[in-house]
Structures are given as structure tokens and as C-alpha cells.
file run09.pdb (PDB, C-alpha atoms, pLDDT in the B column)
ATOM      1  CA  ALA A   1       0.000   0.000   0.000  1.00 76.00           C
ATOM      2  CA  GLN A   2       1.156   3.494  -0.673  1.00 87.00           C
ATOM      3  CA  LYS A   3       1.771   5.921   2.140  1.00 93.00           C
ATOM      4  CA  VAL A   4       3.143   9.427   2.570  1.00 96.00           C
ATOM      5  CA  THR A   5       4.457  10.750   5.863  1.00 96.00           C
ATOM      6  CA  GLN A   6       5.117  14.363   6.685  1.00 97.00           C
ATOM      7  CA  ALA A   7       6.486  14.175  10.192  1.00 95.00           C
ATOM      8  CA  GLN A   8       6.551  17.937  10.747  1.00 97.00           C
ATOM      9  CA  THR A   9       3.039  19.115  11.510  1.00 95.00           C
ATOM     10  CA  GLU A  10       4.024  22.740  12.105  1.00 97.00           C
ATOM     11  CA  ILE A  11       7.142  24.770  11.459  1.00 98.00           C
ATOM     12  CA  SER A  12       7.686  28.359  12.470  1.00 98.00           C
ATOM     13  CA  VAL A  13      10.530  30.446  11.072  1.00 98.00           C
ATOM     14  CA  VAL A  14      11.486  34.078  10.871  1.00 98.00           C
ATOM     15  CA  GLU A  15      11.499  35.732   7.476  1.00 97.00           C
ATOM     16  CA  LYS A  16      14.654  35.152   5.407  1.00 97.00           C
ATOM     17  CA  GLU A  17      15.443  31.874   7.135  1.00 98.00           C
ATOM     18  CA  ASP A  18      15.789  28.739   5.023  1.00 98.00           C
ATOM     19  CA  VAL A  19      13.367  25.934   5.825  1.00 98.00           C
ATOM     20  CA  THR A  20      13.106  22.314   4.729  1.00 98.00           C
ATOM     21  CA  LEU A  21       9.873  20.359   4.710  1.00 98.00           C
ATOM     22  CA  ASP A  22      10.332  16.613   4.920  1.00 98.00           C
ATOM     23  CA  CYS A  23       8.409  13.986   2.985  1.00 98.00           C
ATOM     24  CA  VAL A  24       8.909  10.227   3.208  1.00 98.00           C
ATOM     25  CA  TYR A  25       6.901   7.843   1.055  1.00 97.00           C
ATOM     26  CA  GLU A  26       6.229   4.128   0.740  1.00 96.00           C
ATOM     27  CA  THR A  27       5.297   2.299  -2.433  1.00 93.00           C
ATOM     28  CA  ARG A  28       5.784  -1.087  -4.036  1.00 90.00           C
ATOM     29  CA  ASP A  29       5.511   0.290  -7.540  1.00 89.00           C
ATOM     30  CA  THR A  30       8.658   1.004  -9.525  1.00 89.00           C
ATOM     31  CA  THR A  31       6.887   3.725 -11.475  1.00 88.00           C
ATOM     32  CA  TYR A  32       5.340   6.472  -9.446  1.00 90.00           C
ATOM     33  CA  TYR A  33       4.953  10.211  -9.245  1.00 90.00           C
ATOM     34  CA  LEU A  34       5.606  12.565  -6.372  1.00 93.00           C
ATOM     35  CA  PHE A  35       4.020  15.961  -5.906  1.00 93.00           C
ATOM     36  CA  TRP A  36       4.096  18.993  -3.687  1.00 95.00           C
ATOM     37  CA  TYR A  37       1.083  21.247  -3.256  1.00 95.00           C
ATOM     38  CA  LYS A  38       0.710  24.513  -1.394  1.00 96.00           C
ATOM     39  CA  GLN A  39      -2.514  25.440   0.373  1.00 96.00           C
ATOM     40  CA  PRO A  40      -2.597  29.129   1.312  1.00 95.00           C
ATOM     41  CA  PRO A  41      -5.084  30.447   3.870  1.00 92.00           C
ATOM     42  CA  SER A  42      -7.627  30.948   1.081  1.00 91.00           C
ATOM     43  CA  GLY A  43      -7.905  27.162   0.857  1.00 91.00           C
ATOM     44  CA  GLU A  44      -7.189  26.264  -2.737  1.00 92.00           C
ATOM     45  CA  LEU A  45      -4.518  23.752  -3.686  1.00 93.00           C
ATOM     46  CA  VAL A  46      -1.645  25.158  -5.687  1.00 91.00           C
ATOM     47  CA  PHE A  47       0.480  22.712  -7.641  1.00 89.00           C
ATOM     48  CA  LEU A  48       4.220  23.211  -7.099  1.00 92.00           C
ATOM     49  CA  ILE A  49       6.051  20.283  -8.644  1.00 90.00           C
ATOM     50  CA  ARG A  50       5.688  16.780 -10.075  1.00 89.00           C
ATOM     51  CA  ARG A  51       8.575  14.340 -10.202  1.00 90.00           C
ATOM     52  CA  ASN A  52       8.533  10.819 -11.678  1.00 88.00           C
ATOM     53  CA  SER A  53      10.390   7.923 -10.108  1.00 90.00           C
ATOM     54  CA  PHE A  54      12.958   7.709 -12.896  1.00 89.00           C
ATOM     55  CA  ASP A  55      14.128  11.261 -12.541  1.00 86.00           C
ATOM     56  CA  GLU A  56      16.217  11.776  -9.437  1.00 84.00           C
ATOM     57  CA  GLN A  57      17.607  15.093 -10.501  1.00 83.00           C
ATOM     58  CA  ASN A  58      17.087  17.795  -7.955  1.00 85.00           C
ATOM     59  CA  GLU A  59      15.105  20.765  -9.128  1.00 86.00           C
ATOM     60  CA  ILE A  60      15.304  24.438  -8.342  1.00 87.00           C
ATOM     61  CA  SER A  61      12.670  27.015  -9.116  1.00 88.00           C
ATOM     62  CA  GLY A  62      13.502  30.423  -7.760  1.00 93.00           C
ATOM     63  CA  ARG A  63      13.597  30.158  -3.969  1.00 95.00           C
ATOM     64  CA  TYR A  64      12.165  26.642  -4.059  1.00 96.00           C
ATOM     65  CA  SER A  65      14.188  23.461  -4.421  1.00 95.00           C
ATOM     66  CA  TRP A  66      13.388  19.792  -4.175  1.00 95.00           C
ATOM     67  CA  ASN A  67      15.647  16.899  -3.193  1.00 95.00           C
ATOM     68  CA  PHE A  68      14.445  13.498  -4.419  1.00 95.00           C
ATOM     69  CA  GLN A  69      16.326  10.502  -3.009  1.00 94.00           C
ATOM     70  CA  LYS A  70      15.022   7.055  -3.893  1.00 93.00           C
ATOM     71  CA  SER A  71      17.534   5.396  -1.555  1.00 93.00           C
ATOM     72  CA  THR A  72      15.786   6.942   1.440  1.00 95.00           C
ATOM     73  CA  SER A  73      12.315   7.249  -0.172  1.00 96.00           C
ATOM     74  CA  SER A  74      12.295  10.954   0.483  1.00 97.00           C
ATOM     75  CA  PHE A  75      11.221  13.995  -1.471  1.00 96.00           C
ATOM     76  CA  ASN A  76      12.109  17.014   0.619  1.00 97.00           C
ATOM     77  CA  PHE A  77      11.221  20.608  -0.167  1.00 97.00           C
ATOM     78  CA  THR A  78      13.408  23.585   0.756  1.00 97.00           C
ATOM     79  CA  ILE A  79      12.420  27.220   0.712  1.00 97.00           C
ATOM     80  CA  THR A  80      15.388  29.567   0.682  1.00 97.00           C
ATOM     81  CA  ALA A  81      15.096  33.022   2.227  1.00 97.00           C
ATOM     82  CA  SER A  82      11.517  32.430   3.327  1.00 97.00           C
ATOM     83  CA  GLN A  83       8.928  35.177   3.036  1.00 97.00           C
ATOM     84  CA  VAL A  84       5.675  35.848   4.854  1.00 97.00           C
ATOM     85  CA  VAL A  85       3.786  34.901   1.676  1.00 96.00           C
ATOM     86  CA  ASP A  86       5.201  31.392   2.005  1.00 97.00           C
ATOM     87  CA  SER A  87       2.994  30.850   5.053  1.00 97.00           C
ATOM     88  CA  ALA A  88       0.692  27.993   4.102  1.00 97.00           C
ATOM     89  CA  VAL A  89       0.061  24.306   4.532  1.00 97.00           C
ATOM     90  CA  TYR A  90       2.227  22.194   2.264  1.00 98.00           C
ATOM     91  CA  PHE A  91       1.256  18.712   1.134  1.00 96.00           C
ATOM     92  CA  CYS A  92       3.412  16.001  -0.312  1.00 96.00           C
ATOM     93  CA  ALA A  93       1.570  13.393  -2.397  1.00 94.00           C
ATOM     94  CA  LEU A  94       2.243  10.151  -4.251  1.00 93.00           C
ATOM     95  CA  SER A  95       0.573   8.505  -7.216  1.00 89.00           C
ATOM     96  CA  GLU A  96       1.381   4.971  -8.322  1.00 86.00           C
ATOM     97  CA  TYR A  97       1.314   4.330 -12.037  1.00 78.00           C
ATOM     98  CA  GLY A  98      -0.131   0.857 -11.504  1.00 72.00           C
ATOM     99  CA  ASN A  99      -3.014   2.124  -9.404  1.00 69.00           C
ATOM    100  CA  ALA A 100      -4.755   4.468 -11.781  1.00 60.00           C
ATOM    101  CA  GLY A 101      -7.925   4.849  -9.797  1.00 63.00           C
ATOM    102  CA  ASN A 102      -6.254   5.823  -6.556  1.00 58.00           C
ATOM    103  CA  MET A 103      -5.138   9.093  -7.958  1.00 73.00           C
ATOM    104  CA  LEU A 104      -3.174  10.645  -5.139  1.00 87.00           C
ATOM    105  CA  THR A 105      -2.191   9.676  -1.615  1.00 91.00           C
ATOM    106  CA  PHE A 106      -1.435  12.713   0.502  1.00 93.00           C
ATOM    107  CA  GLY A 107       0.655  13.217   3.581  1.00 95.00           C
ATOM    108  CA  GLY A 108      -0.906  14.930   6.567  1.00 94.00           C
ATOM    109  CA  GLY A 109       0.553  18.293   5.613  1.00 96.00           C
ATOM    110  CA  THR A 110       3.036  20.678   7.199  1.00 97.00           C
ATOM    111  CA  ARG A 111       1.848  24.079   8.328  1.00 97.00           C
ATOM    112  CA  LEU A 112       4.573  26.643   7.717  1.00 98.00           C
ATOM    113  CA  MET A 113       4.397  29.961   9.522  1.00 98.00           C
ATOM    114  CA  VAL A 114       6.822  32.626   8.428  1.00 98.00           C
ATOM    115  CA  LYS A 115       6.996  35.549  10.842  1.00 97.00           C
ATOM    116  CA  PRO A 116       8.184  39.000   9.802  1.00 95.00           C
TER     117      PRO A 116
ATOM    118  CA  GLU B   1      -9.645  28.598 -19.105  1.00 85.00           C
ATOM    119  CA  ALA B   2      -9.043  24.962 -18.133  1.00 82.00           C
ATOM    120  CA  GLN B   3     -10.569  24.396 -14.743  1.00 92.00           C
ATOM    121  CA  VAL B   4     -12.513  22.273 -12.310  1.00 96.00           C
ATOM    122  CA  THR B   5     -15.545  24.061 -10.920  1.00 97.00           C
ATOM    123  CA  GLN B   6     -17.142  23.093  -7.639  1.00 97.00           C
ATOM    124  CA  ASN B   7     -20.331  24.460  -6.174  1.00 97.00           C
ATOM    125  CA  PRO B   8     -21.115  25.647  -3.645  1.00 97.00           C
ATOM    126  CA  ARG B   9     -17.933  27.001  -2.039  1.00 96.00           C
ATOM    127  CA  TYR B  10     -19.508  27.069   1.394  1.00 97.00           C
ATOM    128  CA  LEU B  11     -22.463  25.128   2.752  1.00 97.00           C
ATOM    129  CA  ILE B  12     -24.008  24.827   6.188  1.00 97.00           C
ATOM    130  CA  THR B  13     -26.692  22.199   6.528  1.00 96.00           C
ATOM    131  CA  VAL B  14     -28.502  20.166   9.148  1.00 97.00           C
ATOM    132  CA  THR B  15     -28.106  16.508   9.963  1.00 97.00           C
ATOM    133  CA  GLY B  16     -30.077  14.273   7.639  1.00 97.00           C
ATOM    134  CA  LYS B  17     -30.868  16.779   4.916  1.00 97.00           C
ATOM    135  CA  LYS B  18     -29.735  15.421   1.563  1.00 97.00           C
ATOM    136  CA  LEU B  19     -27.283  17.556  -0.366  1.00 97.00           C
ATOM    137  CA  THR B  20     -25.283  17.486  -3.578  1.00 98.00           C
ATOM    138  CA  VAL B  21     -21.955  19.141  -4.275  1.00 98.00           C
ATOM    139  CA  THR B  22     -21.422  19.607  -7.978  1.00 98.00           C
ATOM    140  CA  CYS B  23     -18.158  19.248  -9.869  1.00 98.00           C
ATOM    141  CA  SER B  24     -17.581  20.036 -13.508  1.00 98.00           C
ATOM    142  CA  GLN B  25     -14.417  20.058 -15.629  1.00 97.00           C
ATOM    143  CA  ASN B  26     -13.876  21.481 -19.100  1.00 95.00           C
ATOM    144  CA  MET B  27     -10.694  19.619 -20.046  1.00 91.00           C
ATOM    145  CA  ASN B  28     -12.261  16.396 -21.372  1.00 92.00           C
ATOM    146  CA  HIS B  29     -10.486  14.450 -18.622  1.00 91.00           C
ATOM    147  CA  GLU B  30     -11.400  10.814 -18.163  1.00 90.00           C
ATOM    148  CA  TYR B  31     -10.490  10.545 -14.492  1.00 90.00           C
ATOM    149  CA  MET B  32     -12.291  12.414 -11.757  1.00 93.00           C
ATOM    150  CA  SER B  33     -12.168  12.055  -8.015  1.00 94.00           C
ATOM    151  CA  TRP B  34     -13.428  13.448  -4.743  1.00 97.00           C
ATOM    152  CA  TYR B  35     -11.296  14.063  -1.663  1.00 97.00           C
ATOM    153  CA  ARG B  36     -12.012  15.281   1.812  1.00 97.00           C
ATOM    154  CA  GLN B  37      -9.492  17.198   3.869  1.00 97.00           C
ATOM    155  CA  ASP B  38      -9.357  16.971   7.635  1.00 94.00           C
ATOM    156  CA  PRO B  39      -6.739  18.442   9.998  1.00 88.00           C
ATOM    157  CA  GLY B  40      -3.694  16.220  10.371  1.00 85.00           C
ATOM    158  CA  LEU B  41      -5.015  13.665   7.907  1.00 89.00           C
ATOM    159  CA  GLY B  42      -4.276  15.428   4.659  1.00 91.00           C
ATOM    160  CA  LEU B  43      -6.635  14.691   1.787  1.00 94.00           C
ATOM    161  CA  ARG B  44      -8.287  11.293   1.571  1.00 94.00           C
ATOM    162  CA  GLN B  45     -10.008   9.916  -1.490  1.00 93.00           C
ATOM    163  CA  ILE B  46     -13.750   9.333  -1.232  1.00 96.00           C
ATOM    164  CA  TYR B  47     -14.692   8.064  -4.693  1.00 95.00           C
ATOM    165  CA  TYR B  48     -13.173   8.095  -8.116  1.00 93.00           C
ATOM    166  CA  SER B  49     -14.324   7.598 -11.673  1.00 93.00           C
ATOM    167  CA  MET B  50     -12.236   6.375 -14.566  1.00 89.00           C
ATOM    168  CA  ASN B  51     -14.830   7.255 -17.189  1.00 90.00           C
ATOM    169  CA  VAL B  52     -18.541   7.691 -17.786  1.00 93.00           C
ATOM    170  CA  GLU B  53     -20.599   5.166 -15.783  1.00 93.00           C
ATOM    171  CA  VAL B  54     -17.419   3.791 -14.153  1.00 91.00           C
ATOM    172  CA  THR B  55     -17.040   4.672 -10.489  1.00 94.00           C
ATOM    173  CA  ASP B  56     -15.364   3.030  -7.521  1.00 92.00           C
ATOM    174  CA  LYS B  57     -14.742   3.555  -3.838  1.00 93.00           C
ATOM    175  CA  GLY B  58     -11.715   5.315  -2.494  1.00 91.00           C
ATOM    176  CA  ASP B  59     -10.415   5.176   1.065  1.00 90.00           C
ATOM    177  CA  VAL B  60     -13.372   6.783   2.874  1.00 95.00           C
ATOM    178  CA  PRO B  61     -16.591   6.157   0.877  1.00 97.00           C
ATOM    179  CA  GLU B  62     -19.029   5.599   3.751  1.00 97.00           C
ATOM    180  CA  GLY B  63     -21.908   8.054   3.721  1.00 97.00           C
ATOM    181  CA  TYR B  64     -21.277   9.277   0.183  1.00 98.00           C
ATOM    182  CA  LYS B  65     -22.569   8.515  -3.296  1.00 98.00           C
ATOM    183  CA  VAL B  66     -21.406   9.640  -6.710  1.00 98.00           C
ATOM    184  CA  SER B  67     -22.527   9.360 -10.292  1.00 96.00           C
ATOM    185  CA  ARG B  68     -20.841   9.912 -13.641  1.00 97.00           C
ATOM    186  CA  LYS B  69     -23.503  10.211 -16.322  1.00 97.00           C
ATOM    187  CA  GLU B  70     -21.540  12.704 -18.374  1.00 96.00           C
ATOM    188  CA  LYS B  71     -17.800  13.007 -18.818  1.00 96.00           C
ATOM    189  CA  ARG B  72     -17.613  16.542 -17.525  1.00 97.00           C
ATOM    190  CA  ASN B  73     -19.686  16.155 -14.338  1.00 98.00           C
ATOM    191  CA  PHE B  74     -19.041  14.194 -11.169  1.00 98.00           C
ATOM    192  CA  PRO B  75     -21.428  15.189  -8.360  1.00 98.00           C
ATOM    193  CA  LEU B  76     -20.922  14.134  -4.752  1.00 98.00           C
ATOM    194  CA  ILE B  77     -24.112  13.188  -2.930  1.00 98.00           C
ATOM    195  CA  LEU B  78     -24.631  13.017   0.808  1.00 98.00           C
ATOM    196  CA  GLU B  79     -27.955  11.242   1.304  1.00 96.00           C
ATOM    197  CA  SER B  80     -28.107  11.802   5.057  1.00 97.00           C
ATOM    198  CA  PRO B  81     -25.285  14.077   6.196  1.00 97.00           C
ATOM    199  CA  SER B  82     -23.899  13.732   9.696  1.00 97.00           C
ATOM    200  CA  PRO B  83     -21.625  16.045  11.708  1.00 97.00           C
ATOM    201  CA  ASN B  84     -18.598  13.804  11.064  1.00 97.00           C
ATOM    202  CA  GLN B  85     -18.892  14.754   7.408  1.00 98.00           C
ATOM    203  CA  THR B  86     -18.041  18.336   8.244  1.00 98.00           C
ATOM    204  CA  SER B  87     -14.934  18.842   6.152  1.00 97.00           C
ATOM    205  CA  LEU B  88     -13.297  20.586   3.215  1.00 97.00           C
ATOM    206  CA  TYR B  89     -14.036  18.761  -0.024  1.00 98.00           C
ATOM    207  CA  PHE B  90     -12.052  18.839  -3.248  1.00 97.00           C
ATOM    208  CA  CYS B  91     -12.893  17.547  -6.676  1.00 97.00           C
ATOM    209  CA  ALA B  92     -10.009  16.718  -9.015  1.00 94.00           C
ATOM    210  CA  SER B  93      -9.571  15.544 -12.566  1.00 92.00           C
ATOM    211  CA  ARG B  94      -6.747  14.326 -14.741  1.00 87.00           C
ATOM    212  CA  ASP B  95      -6.031  13.093 -18.206  1.00 83.00           C
ATOM    213  CA  SER B  96      -5.705   9.322 -18.589  1.00 75.00           C
ATOM    214  CA  LYS B  97      -2.568   9.416 -20.712  1.00 71.00           C
ATOM    215  CA  ALA B  98       0.420   8.125 -18.826  1.00 54.00           C
ATOM    216  CA  TYR B  99       2.745  10.842 -20.032  1.00 51.00           C
ATOM    217  CA  ASN B 100       0.475  13.574 -18.743  1.00 55.00           C
ATOM    218  CA  TYR B 101       0.029  13.054 -15.035  1.00 64.00           C
ATOM    219  CA  GLY B 102      -1.245  16.500 -14.251  1.00 71.00           C
ATOM    220  CA  TYR B 103      -3.966  16.850 -11.660  1.00 84.00           C
ATOM    221  CA  THR B 104      -6.355  19.769 -11.596  1.00 89.00           C
ATOM    222  CA  PHE B 105      -8.220  20.560  -8.396  1.00 93.00           C
ATOM    223  CA  GLY B 106     -11.347  22.583  -7.808  1.00 95.00           C
ATOM    224  CA  SER B 107     -11.353  25.453  -5.335  1.00 95.00           C
ATOM    225  CA  GLY B 108     -12.902  23.379  -2.572  1.00 96.00           C
ATOM    226  CA  THR B 109     -16.257  23.195  -0.800  1.00 97.00           C
ATOM    227  CA  ARG B 110     -16.338  23.815   2.919  1.00 97.00           C
ATOM    228  CA  LEU B 111     -19.225  21.824   4.366  1.00 98.00           C
ATOM    229  CA  THR B 112     -20.527  22.166   7.898  1.00 98.00           C
ATOM    230  CA  VAL B 113     -23.165  19.745   9.169  1.00 97.00           C
ATOM    231  CA  VAL B 114     -24.875  20.798  12.398  1.00 97.00           C
TER     232      VAL B 114
END
call {"tool": "encode", "arguments": {"input": "run09.pdb", "output": "C-alpha cells"}}
result
Amino acid sequence: AQKVTQAQTEISVVEKEDVTLDCVYETRDTTYYLFWYKQPPSGELVFLIRRNSFDEQNEISGRYSWNFQKSTSSFNFTITASQVVDSAVYFCALSEYGNAGNMLTFGGGTRLMVKP
Amino acid sequence: EAQVTQNPRYLITVTGKKLTVTCSQNMNHEYMSWYRQDPGLGLRQIYYSMNVEVTDKGDVPEGYKVSRKEKRNFPLILESPSPNQTSLYFCASRDSKAYNYGYTFGSGTRLTVV
């Protein structure tokens, strides 16, 4: 069965600090997809990144970066020089290619609070 | 604009009064799904549909019904809502092609059952 664990339920940082959100996943499939979503206070889900299981390259997008390590089944998300606007709940999610109907399995989310 | 539209955004109802949350997508996606979000639990899948007239249970289907009579619509039905169904609900859709694993979510429906 697939499972996603976000051990950090809440993180509080001061603006301009770097912060890393952890995500550990479990799957028996060799082909799978990992995602990060942001949920700001307004409630909608904002897609941040998708990574497939064959692509272990780290990715950087502005202040955001992602570290995918299959050896430790982790897909961690780092925000560099955090800003107040980064305050949100962040979800890591997994989708197995062989389980088409079970679209996404989400972690419990990490609430990030960035204080000025 | 490609989107998933849910209605209503907010709903307060009483225990036992049947309600329907609508979901419509304009991207011709085959797959659609409903999730509920509860604190600390993330989003959990309620039901999904792989195409018209094809639906199946997700992780938490009890107390819910769905139908998929048209490709674009996937309503969520609560025949007899109870307070433990108070939650934030999301509808999502995606294309069936393996090389395009993009998920599109609606804006959410916040349901309160009193």
C-alpha cells in the first residue's frame, strides 16, 4: 500500500530563514509520481512540482528546491530566504502508475508559519 | 480557461438533509475524483471515476454517493449528512494518458453539518 508521511506538523521560522519540509513515502511500484502542493489560507490547492520515479535530478525554481532521493524514499522541499507569503500548509503526495484509480495519496501536511 | 468548478464554495446544513456538491471540468479528462481534507489527515479519497458510468470507492466512501452520467460532471451526494462529514471537499480531474500526469483541483467546498 502506498503511504506518505510528513512528520513535521508545524514549522515556524522568521522571514529570510531557510526551511526544509520533509516527505517520506512508501510504495511497491517502480513507477510512481511525487508531488508537492501549497494550500494558502484561502484554501485552494496550488500545484508546485511533479517528479517521476525515474528522474532523481534535484530541481530548483527560484527560492524553491526539491531533493528526491530514492535510496531513502524521500522527497524534501526547501524554501530559501523564506517570506511571509510562504505561510501555508504544504502537502506532499504520491501517485502509483499501476493504481490508476487511486489518484493521489497525501501526507498529513506541514503548516509553515513565516513571521516577519 | 481549463478548470474544475465546484459548487457551492460554502455550505451549512442540518443533519439528515440530503445535499449534492457539484463538480464540472472542461478539459475532457477521463479521471475524476473526490477528496475530503481533515486536519492532520491530509486529503483522503472518497470516490473516483475512470470514465462515464465507471465509479469506484476510495479510502473513505461511507456516507457518500457519486454518479458519472456525463464526462464533464461528477457530483458528490450526501444522502443523510452527519456532523462527522463536516470537512473541506475537493474535486479533481486528470487526463488518462500516462505521459500527462497533471492533476487539476477545484477550489474546494467547505461543508458544515450541524
call {"tool": "resolve_selection", "arguments": {"input": "run09.pdb", "expression": "the PyMOL selection byres ((chain A) within 6 of (chain B))", "output": "short mmCIF file (atom, residue, chain, number, x, y, z; two decimals) with C-alpha atoms, in the coordinates of the input"}}
result
data_model
loop_
_atom_site.label_atom_id
_atom_site.label_comp_id
_atom_site.auth_asym_id
_atom_site.auth_seq_id
_atom_site.Cartn_x
_atom_site.Cartn_y
_atom_site.Cartn_z
CA GLU A 44 -7.19 26.26 -2.74
CA PHE A 106 -1.44 12.71 0.50
CA GLY A 107 0.66 13.22 3.58
CA GLY A 108 -0.91 14.93 6.57
CA GLY A 109 0.55 18.29 5.61
#
call {"tool": "residues_around", "arguments": {"input": "run09.pdb", "residues": "Asp22 (chain A)", "least_positions_apart": "6", "cutoff": "10 Å", "atoms": "all atoms listed in the file", "output": "list in words"}}
result
Thr5, Gln6, Ala7, Gln8, Asn67, Ser74, Phe75, Asn76, Phe77, Thr78, Cys92, Gly109 and Thr110 of chain A
call {"tool": "atom_distance", "arguments": {"input": "run09.pdb", "atom1": "CA of Ser82 (chain B)", "atom2": "CA of Ser42 (chain A)"}}
result
25.2 Å
call {"tool": "resolve_selection", "arguments": {"input": "run09.pdb", "expression": "the PyMOL selection byres ((chain A and resi 90) around 8)", "output": "PyMOL selection string"}}
result
chain A and resi 36-39+88-89+91-92+109-112
call {"tool": "write_last_selection", "arguments": {"input": "run09.pdb", "atoms": "C-alpha atoms", "output": "mmCIF file, keeping the file's coordinate frame"}}
result
data_model
loop_
_atom_site.group_PDB
_atom_site.id
_atom_site.type_symbol
_atom_site.label_atom_id
_atom_site.label_comp_id
_atom_site.auth_asym_id
_atom_site.auth_seq_id
_atom_site.Cartn_x
_atom_site.Cartn_y
_atom_site.Cartn_z
ATOM 1 C CA TRP A 36 4.096 18.993 -3.687
ATOM 2 C CA TYR A 37 1.083 21.247 -3.256
ATOM 3 C CA LYS A 38 0.710 24.513 -1.394
ATOM 4 C CA GLN A 39 -2.514 25.440 0.373
ATOM 5 C CA ALA A 88 0.692 27.993 4.102
ATOM 6 C CA VAL A 89 0.061 24.306 4.532
ATOM 7 C CA PHE A 91 1.256 18.712 1.134
ATOM 8 C CA CYS A 92 3.412 16.001 -0.312
ATOM 9 C CA GLY A 109 0.553 18.293 5.613
ATOM 10 C CA THR A 110 3.036 20.678 7.199
ATOM 11 C CA ARG A 111 1.848 24.079 8.328
ATOM 12 C CA LEU A 112 4.573 26.643 7.717
#
call {"tool": "residues_around", "arguments": {"input": "run09.pdb", "residues": "Thr80 (chain A)", "least_positions_apart": "4", "cutoff": "10 Å", "atoms": "all atoms listed in the file", "output": "count of residues only"}}
result
10
call {"tool": "resolve_selection", "arguments": {"input": "run09.pdb", "expression": "the PyMOL selection byres ((chain A and resi 104) around 7)", "output": "list in words"}}
result
Ala93, Leu94, Ser95, Asn102, Met103, Thr105 and Phe106 of chain A
call {"tool": "write_last_selection", "arguments": {"input": "run09.pdb", "atoms": "C-alpha atoms", "output": "CSV table (one decimal), in the coordinates of the input"}}
result
chain,number,residue,atom,x,y,z
A,93,ALA,CA,1.6,13.4,-2.4
A,94,LEU,CA,2.2,10.2,-4.3
A,95,SER,CA,0.6,8.5,-7.2
A,102,ASN,CA,-6.3,5.8,-6.6
A,103,MET,CA,-5.1,9.1,-8.0
A,105,THR,CA,-2.2,9.7,-1.6
A,106,PHE,CA,-1.4,12.7,0.5
call {"tool": "atom_distance", "arguments": {"input": "run09.pdb", "atom1": "CA of Ser53 (chain A)", "atom2": "CA of Lys3 (chain A)"}}
result
15.1 Å
call {"tool": "closest_residue", "arguments": {"input": "run09.pdb", "among": "B:Thr86, B:Asn51, B:Asn26, B:Asn73", "to": "Ile12 (chain B)", "atoms": "only C-alpha atoms"}}
result
B:Thr86
call {"tool": "closest_residue", "arguments": {"input": "run09.pdb", "among": "A:Lys115, A:Phe68, A:Gly43, A:Gln2", "to": "Arg9 (chain B)", "atoms": "only C-alpha atoms"}}
result
A:Gly43
call {"tool": "atom_distance", "arguments": {"input": "run09.pdb", "atom1": "CA of Val14 (chain A)", "atom2": "CA of Arg51 (chain A)"}}
result
29.0 Å
call {"tool": "residues_around", "arguments": {"input": "run09.pdb", "residues": "Asn7 (chain B)", "least_positions_apart": "6", "cutoff": "8 Å", "atoms": "all atoms listed in the file", "output": "list in words"}}
result
Val21, Thr22, Cys23 and Thr109 of chain B
call {"tool": "write_last_selection", "arguments": {"input": "run09.pdb", "atoms": "C-alpha atoms", "output": "JSON list (two decimals), in the coordinates of the input"}}
result
[["chain", "number", "residue", "atom", "x", "y", "z"],
["B", 21, "VAL", "CA", -21.96, 19.14, -4.28],
["B", 22, "THR", "CA", -21.42, 19.61, -7.98],
["B", 23, "CYS", "CA", -18.16, 19.25, -9.87],
["B", 109, "THR", "CA", -16.26, 23.20, -0.80]]
call {"tool": "closest_residue", "arguments": {"input": "run09.pdb", "among": "A:Glu56, A:Pro40, A:Thr27, A:Thr72", "to": "Val85 (chain A)", "atoms": "all atoms listed in the file"}}
result
A:Pro40
call {"tool": "closest_residue", "arguments": {"input": "run09.pdb", "among": "A:Leu48, A:Leu21, A:Val13, A:Met113", "to": "Ala81 (chain A)", "atoms": "only C-alpha atoms"}}
result
A:Val13
call {"tool": "build_atoms", "arguments": {"input": "run09.pdb", "residues": "region 8-18 of chain B", "atoms": "N, CA, C and O atoms", "output": "PDB file, keeping the file's coordinate frame"}}
result
ATOM      1  N   PRO B   8     -21.487  24.287  -4.049  1.00 97.00           N
ATOM      2  CA  PRO B   8     -21.115  25.647  -3.645  1.00 97.00           C
ATOM      3  C   PRO B   8     -19.722  25.692  -3.021  1.00 97.00           C
ATOM      4  O   PRO B   8     -19.119  24.652  -2.795  1.00 97.00           O
ATOM      5  N   ARG B   9     -19.210  26.862  -2.735  1.00 96.00           N
ATOM      6  CA  ARG B   9     -17.933  27.001  -2.039  1.00 96.00           C
ATOM      7  C   ARG B   9     -18.095  26.780  -0.544  1.00 96.00           C
ATOM      8  O   ARG B   9     -17.209  26.247   0.111  1.00 96.00           O
ATOM      9  N   TYR B  10     -19.228  27.230  -0.032  1.00 97.00           N
ATOM     10  CA  TYR B  10     -19.508  27.069   1.394  1.00 97.00           C
ATOM     11  C   TYR B  10     -20.942  26.557   1.543  1.00 97.00           C
ATOM     12  O   TYR B  10     -21.839  26.969   0.817  1.00 97.00           O
ATOM     13  N   LEU B  11     -21.128  25.671   2.515  1.00 97.00           N
ATOM     14  CA  LEU B  11     -22.463  25.128   2.752  1.00 97.00           C
ATOM     15  C   LEU B  11     -22.596  24.738   4.212  1.00 97.00           C
ATOM     16  O   LEU B  11     -21.746  24.015   4.744  1.00 97.00           O
ATOM     17  N   ILE B  12     -23.645  25.236   4.831  1.00 97.00           N
ATOM     18  CA  ILE B  12     -24.008  24.827   6.188  1.00 97.00           C
ATOM     19  C   ILE B  12     -25.357  24.143   6.084  1.00 97.00           C
ATOM     20  O   ILE B  12     -26.297  24.706   5.509  1.00 97.00           O
ATOM     21  N   THR B  13     -25.446  22.936   6.615  1.00 96.00           N
ATOM     22  CA  THR B  13     -26.692  22.199   6.528  1.00 96.00           C
ATOM     23  C   THR B  13     -26.964  21.493   7.861  1.00 96.00           C
ATOM     24  O   THR B  13     -26.125  21.514   8.773  1.00 96.00           O
ATOM     25  N   VAL B  14     -28.126  20.875   7.930  1.00 97.00           N
ATOM     26  CA  VAL B  14     -28.502  20.166   9.148  1.00 97.00           C
ATOM     27  C   VAL B  14     -28.404  18.668   8.947  1.00 97.00           C
ATOM     28  O   VAL B  14     -28.512  18.165   7.817  1.00 97.00           O
ATOM     29  N   THR B  15     -28.209  17.959  10.012  1.00 97.00           N
ATOM     30  CA  THR B  15     -28.106  16.508   9.963  1.00 97.00           C
ATOM     31  C   THR B  15     -29.306  15.900   9.264  1.00 97.00           C
ATOM     32  O   THR B  15     -30.448  16.236   9.559  1.00 97.00           O
ATOM     33  N   GLY B  16     -29.025  15.012   8.305  1.00 97.00           N
ATOM     34  CA  GLY B  16     -30.077  14.273   7.639  1.00 97.00           C
ATOM     35  C   GLY B  16     -30.653  14.896   6.391  1.00 97.00           C
ATOM     36  O   GLY B  16     -31.418  14.245   5.687  1.00 97.00           O
ATOM     37  N   LYS B  17     -30.300  16.118   6.096  1.00 97.00           N
ATOM     38  CA  LYS B  17     -30.868  16.779   4.916  1.00 97.00           C
ATOM     39  C   LYS B  17     -29.985  16.529   3.704  1.00 97.00           C
ATOM     40  O   LYS B  17     -28.851  17.036   3.619  1.00 97.00           O
ATOM     41  N   LYS B  18     -30.504  15.816   2.745  1.00 97.00           N
ATOM     42  CA  LYS B  18     -29.735  15.421   1.563  1.00 97.00           C
ATOM     43  C   LYS B  18     -29.145  16.634   0.853  1.00 97.00           C
ATOM     44  O   LYS B  18     -29.808  17.673   0.713  1.00 97.00           O
TER      45      LYS B  18
END
